[in-house]
Structures are given as structure tokens and as C-alpha cells.
Amino acid sequence: MKIVKTDFILTPHKIVSGKAVAFEKNIVDIDDFETLKKKFPNATIFEYEKNSCILPGFINTHVHLEFSANRAALSYGDFLSWLYSVIKKREELVPNCDRLCIQKAIKNMLKSGTTTFGAISSYGYDLTLCAKAPQRVVYFNEVIGSNPAAADALYNDFLQRVKESKEYADEKFIPAIAIHSPYSVHRILAKKAIEFAKENDLLISTHFMESRAEREWLDKGVGDFKPFFEEFLNQSIPANRAEDYLALFEGAPSLFVHCVWANEKELEIIEKEKHTIVHCPISNRLLGNGALDIGKIKYLGINLSVATDGLSSNYSLNIYEELKAALFVHYHIEPVALAFDLIRSVTTNAAKALKINAGEIKIEKLADLQVVKLPKDLDAIEQIPLHILLHTKKPEKVFIGGESYE
Ligand SMILES: [Zn+2]
């Protein structure tokens, strides 16, 4: 048994003062420190100084670890320029991210309080490292390919990777699938993979309506994607219609990444089907895609999860950086309320999206926790969520399933 004593608990639905948390693998009790000490006399005690706060560990639902070697190799500012640069550089970027590079990315996420992450794997190179990561991992085997002639070969390669990942499945490593996007995956291939996921009860993630180019291409077969598909892939019509693509996910609550250019009707379907929108504000900004209207997402009652995306479109996998960016991108929303919502987006909302029993400080939830230090002169307790985002680069301590990490 371990007991953590801090001044505050961010549950994260409310801020609690004067209580401590007792846990093993799961949270066992939340009560006065003295009561807990009497109840569990042999517990290891972690007592923190003034203005410390315990909150759930963060859940980063969307990262591409295989692209972690990128620093400044890719072209930012415009989505298509970026995509061309990925195609040009990936032959060196992907091999340049060796085991050490992936391990470093996993470690950096742990140090910045990320206790669960969703890894989108294009090649399976990150499989064994994700399987033995200290964090909980949902491992999304990705399928891509818009050319129907190659669909069978691509599907078999995808199935093989899913099968391999299933060999590592355990309590902390959950195999899942990713369909790259409606513009890059042929409808027959997407349909087969989604049906497979439904039959095998696997979670699904997909990029959706990330750029203006995607909107124009899928709606009308025009825009920046037209020359891209004609020249690169010898294709003159889009692989899917957005509405048909969305319909494939019926009955399987999934993660829809970006959605910056999703229209009203698509958002209504996303809400109705209980999908989650994954919001990556830094990636959207750097690739020239604009900003998601998160006020509308909240108004529509859609589950929102903030994530970093990969280092192919970000400078850091520290989710505190992402939350800070979100705070300033969405400048028209009152900052204290927004900070509270953003913390929930990487705890309770993300846990719901990934179907894991964490993201909340509540009896019986998994003890995936972090302790942060707030400034000594903290005055208004109700502003704690905002100050956590403003003043934290990394937590003092991280616990995963009750195990302690520095
Ligand atoms: Zn992505």
C-alpha cells in the first residue's frame, strides 16, 4: 500500500483539499491523512510540500513514434507541402528512428506525466518497445492504401501486424487498429479492416478532415489533392465519400483525429455514434490546417481528447506543451474553465475513448497518477487547473498501476 499526501487533489471533476490517496494497483481509499495512516500502518508514505497537487496521469491518445527522428527535416506551413516532404524524407526519417530514438520518446512522455498513450504504428517497428513500455499502451496497427489493385497485399500485411501485436496483448498493452484516412484508404480496404475490428472487438482510430485539401478532394474531387493523386498515384477520383466513410464506423465508437474541416452533419454523426474527436492543436497549426472549434464540439456534447500527434508535426511529446498551446489557440474561451476542460480531455475523456479504467482519482480506478508542485504564492484555489498548465513542465512524481516512477 502507498499513501500520497498533497495539499490538493484534482479528481479532475473537482478540487479537493485536506485529503490523501491510498492505493495499490488501484485506488483503495481517499480520506484524511491521519485516518489513512491508522488504517494502513505499513503503507509507504509520499508526503509533498505546500501547494502540491495530485491528479490523474495524462492519456495521450494519438502519437506516431516511428517518426520520432524528425526535428526540422519536414516542411511546415502548408499541408500538401508537408505531405510531399514526408514522402520525400520518410525513407531516411523512419530508419533514423532506431530503438534508442523510440525508447527516448517513450521515456520523455513518461517524465511529462503521460501514463497511457495511443501509438499509431505504420510499420510495426515500435511493437516490442511499446509492449514493454512502462505506460499503458493502446497499439493502433495502421492500414493505408488508396489503390484497389494493391488492396489485398496491404490488407494481408496489416493482418500480419495485428496478429503479431496480439501476441503481446496483456493488461497494459492493448492491440487496436487505425485506418489512415478517408482519402488514403480505398473504401473496400477500409470496410474490410473496420469489419475485422468490429468482429474482434478492437478499438479504431482514423485521421478525418484534417485539411482544406481533404475537404475539397472528398467533396468535389478538386483542390490541392487533385494533382497529388494524379501525379503520384495515377488516381482521378477520391477513395471515399466522407459520409460513406463515416457510415463504416456505425456501432463502433472510434477516435476521429483532427476533424478541423468536418462539417455540421459529420459532427452530428460523430456525436450520435459516440465517437471521440482527438484534437492536436500544435500539429494543426504547424501544418496550416487552422484550429478546431472546440466550443462547438463541447456544445454538441462530443467527447474531446487532446493529443500531441507525432514528432513529424510537433516539437515535443510533452502533453503539458500541447495543453499550453491549446490554452492560447482557443483564446476566446475563459481560461480557467478552458484549463479545467483541457485537463479532463487528457484524463477522463481520453480514458473513455481508449476504454481504460483510469483518468480519475476515485476508489477502484487504476492508480495512474501524477504529483505536481504549484507556486508557493498560489492564492485562488479555483484557479488550480490553470496554474497547473502554466507552471508545470514535468510532474514531481508519476505512478502507473501503483508503481512509482521519478
Ligand atoms: Zn496523426
# chains A, B, ... in the order shown; residues from 1 in each chain; ligands from 1

$ closest_atom_pairs --of "chain A" --to "ligand 1" --cutoff "7 Å" --atoms "only C-alpha atoms and all ligand atoms" --output "Markdown table"
| residue | atom | partner | partner_atom_place_in_ligand_line | distance |
| --- | --- | --- | --- | --- |
| A:His62 | CA | ligand 1 | 1 (Zn) | 6.4 |
| A:Val63 | CA | ligand 1 | 1 (Zn) | 6.4 |
| A:His64 | CA | ligand 1 | 1 (Zn) | 6.5 |
| A:His207 | CA | ligand 1 | 1 (Zn) | 6.4 |
| A:Val257 | CA | ligand 1 | 1 (Zn) | 6.9 |
| A:Asp309 | CA | ligand 1 | 1 (Zn) | 5.0 |
| A:Gly310 | CA | ligand 1 | 1 (Zn) | 6.4 |

$ write_last_selection --atoms "N, CA and C atoms" --output "CSV table (one decimal), in the first residue's frame"
chain,number,residue,atom,x,y,z
A,62,HIS,N,-2.9,10.0,-29.2
A,62,HIS,CA,-2.5,9.9,-30.6
A,62,HIS,C,-1.1,10.4,-30.8
A,63,VAL,N,-0.2,9.4,-31.0
A,63,VAL,CA,1.2,9.7,-31.3
A,63,VAL,C,1.8,8.7,-32.3
A,64,HIS,N,2.7,9.2,-33.2
A,64,HIS,CA,3.3,8.3,-34.2
A,64,HIS,C,4.8,8.2,-33.8
A,207,HIS,N,-7.6,9.3,-39.0
A,207,HIS,CA,-7.5,10.8,-39.2
A,207,HIS,C,-8.7,11.1,-40.0
A,257,VAL,N,-9.4,11.7,-35.5
A,257,VAL,CA,-8.3,12.6,-35.2
A,257,VAL,C,-8.4,13.8,-36.2
A,309,ASP,N,-0.1,14.2,-31.4
A,309,ASP,CA,0.3,13.8,-32.7
A,309,ASP,C,1.8,13.4,-32.6
A,310,GLY,N,2.5,13.1,-33.7
A,310,GLY,CA,3.9,12.6,-33.7
A,310,GLY,C,4.9,13.7,-33.8

$ residues_around --residues "A:Ser313" --least-positions-apart "2" --cutoff "9 Å" --atoms "only C-alpha atoms" --output "VMD selection string"
chain A and resid 70 74 76 82 282 to 284 286 to 287 308 to 311 315

$ atom_distance --atom1 "atom CA of A:Ser345" --atom2 "atom CA of A:Val329"
15.5 Å

$ residues_around --residues "stretch 359-368 of chain A" --least-positions-apart "6" --cutoff "6 Å" --atoms "only C-alpha atoms" --output "MDAnalysis selection string"
chainID A and resid 11 25:29 56:57 347:348 351 399:402

$ closest_residue --among "A:Glu264, A:Glu34, A:Glu231, A:Glu210" --to "A:Leu292" --atoms "only C-alpha atoms"
A:Glu210

$ closest_atom_pairs --of "stretch 68-96 of chain A" --to "stretch 120-141 of chain A" --cutoff "12 Å" --atoms "only C-alpha atoms" --output "Markdown table"
| residue | atom | partner | partner_atom | distance |
| --- | --- | --- | --- | --- |
| A:Ser68 | CA | A:Asp126 | CA | 10.7 |
| A:Arg90 | CA | A:Ser122 | CA | 11.5 |
| A:Val94 | CA | A:Tyr125 | CA | 9.1 |
| A:Pro95 | CA | A:Tyr125 | CA | 9.4 |
| A:Asn96 | CA | A:Tyr125 | CA | 11.7 |

$ write_last_selection --atoms "N, CA and C atoms" --output "JSON list (two decimals), in the first residue's frame"
[["chain", "number", "residue", "atom", "x", "y", "z"],
["A", 68, "SER", "N", 9.73, 9.67, -34.78],
["A", 68, "SER", "CA", 10.31, 10.50, -33.71],
["A", 68, "SER", "C", 11.68, 11.08, -34.04],
["A", 90, "ARG", "N", 10.70, 10.19, -45.75],
["A", 90, "ARG", "CA", 10.40, 9.08, -44.83],
["A", 90, "ARG", "C", 11.40, 7.92, -44.94],
["A", 94, "VAL", "N", 12.33, 7.32, -41.05],
["A", 94, "VAL", "CA", 11.87, 6.14, -40.32],
["A", 94, "VAL", "C", 13.06, 5.27, -39.87],
["A", 95, "PRO", "N", 14.01, 4.91, -40.77],
["A", 95, "PRO", "CA", 15.17, 4.15, -40.29],
["A", 95, "PRO", "C", 16.04, 4.92, -39.28],
["A", 96, "ASN", "N", 16.03, 6.26, -39.39],
["A", 96, "ASN", "CA", 16.81, 7.06, -38.44],
["A", 96, "ASN", "C", 16.27, 6.98, -37.02]]

$ select_by_dssp --residues "stretch 161-349 of chain A" --states "alpha helix (DSSP H)" --output "PyMOL selection string"
chain A and resi 161-166+187-199+212-220+225-233+242-247+264-272+281-286+294-299+319-329+335-345+348-349

$ select_by_dssp --residues "stretch 207-393 of chain A" --states "strand (DSSP E)" --output "PyMOL selection string"
chain A and resi 207-208+255-258+276-279+303-306+369-373

$ residues_around --residues "A:His279" --least-positions-apart "4" --cutoff "7 Å" --atoms "only C-alpha atoms" --output "compact mmCIF listing (two decimals) with N, CA and C atoms, in the first residue's frame"
# COMPACT_ATOMS: atom_id res chain seq x y z
N VAL A 257 -9.42 11.68 -35.54
CA VAL A 257 -8.32 12.60 -35.25
C VAL A 257 -8.39 13.83 -36.16
N HIS A 258 -8.32 15.00 -35.57
CA HIS A 258 -8.30 16.34 -36.19
C HIS A 258 -9.70 16.93 -36.41
N SER A 305 -10.64 14.70 -26.86
CA SER A 305 -9.37 14.29 -26.27
C SER A 305 -8.25 15.09 -26.94
N VAL A 306 -7.39 15.73 -26.15
CA VAL A 306 -6.27 16.47 -26.74
C VAL A 306 -5.05 15.54 -26.79
N ALA A 307 -4.33 15.58 -27.92
CA ALA A 307 -3.16 14.70 -28.07
C ALA A 307 -2.05 15.43 -28.81

$ closest_residue --among "A:Ile30, A:Leu10, A:Cys259, A:Leu323" --to "A:Ile297" --atoms "only C-alpha atoms"
A:Cys259

$ residues_around --residues "A:Gly18" --least-positions-apart "3" --cutoff "12 Å" --atoms "only C-alpha atoms" --output "VMD selection string"
chain A and resid 4 to 10 15 21 30 to 35 50 to 54

$ closest_residue --among "A:Ile270, A:Cys280, A:Ile204, A:Leu390" --to "A:Lys324" --atoms "only C-alpha atoms"
A:Leu390

$ closest_residue --among "A:Pro148, A:Gly221, A:Pro227, A:Pro281" --to "A:Asn314" --atoms "only C-alpha atoms"
A:Pro281

$ residues_around --residues "A:Lys394" --least-positions-apart "6" --cutoff "12 Å" --atoms "only C-alpha atoms" --output "list in words"
Gly57, Phe58, Asn108, Met109, Leu110, Lys111, Ser112, Gly113, Thr114, Leu317, Asn318, Ile319, Tyr320, Glu321, Gln370, Val371, Val372, Lys373, Leu374, Ile388 and Glu406 of chain A

$ residues_around --residues "A:Leu154" --least-positions-apart "2" --cutoff "12 Å" --atoms "only C-alpha atoms" --output "number ranges by chain"
A: 122-123, 142-152, 156-161, 179, 185-186, 188-190, 192-193
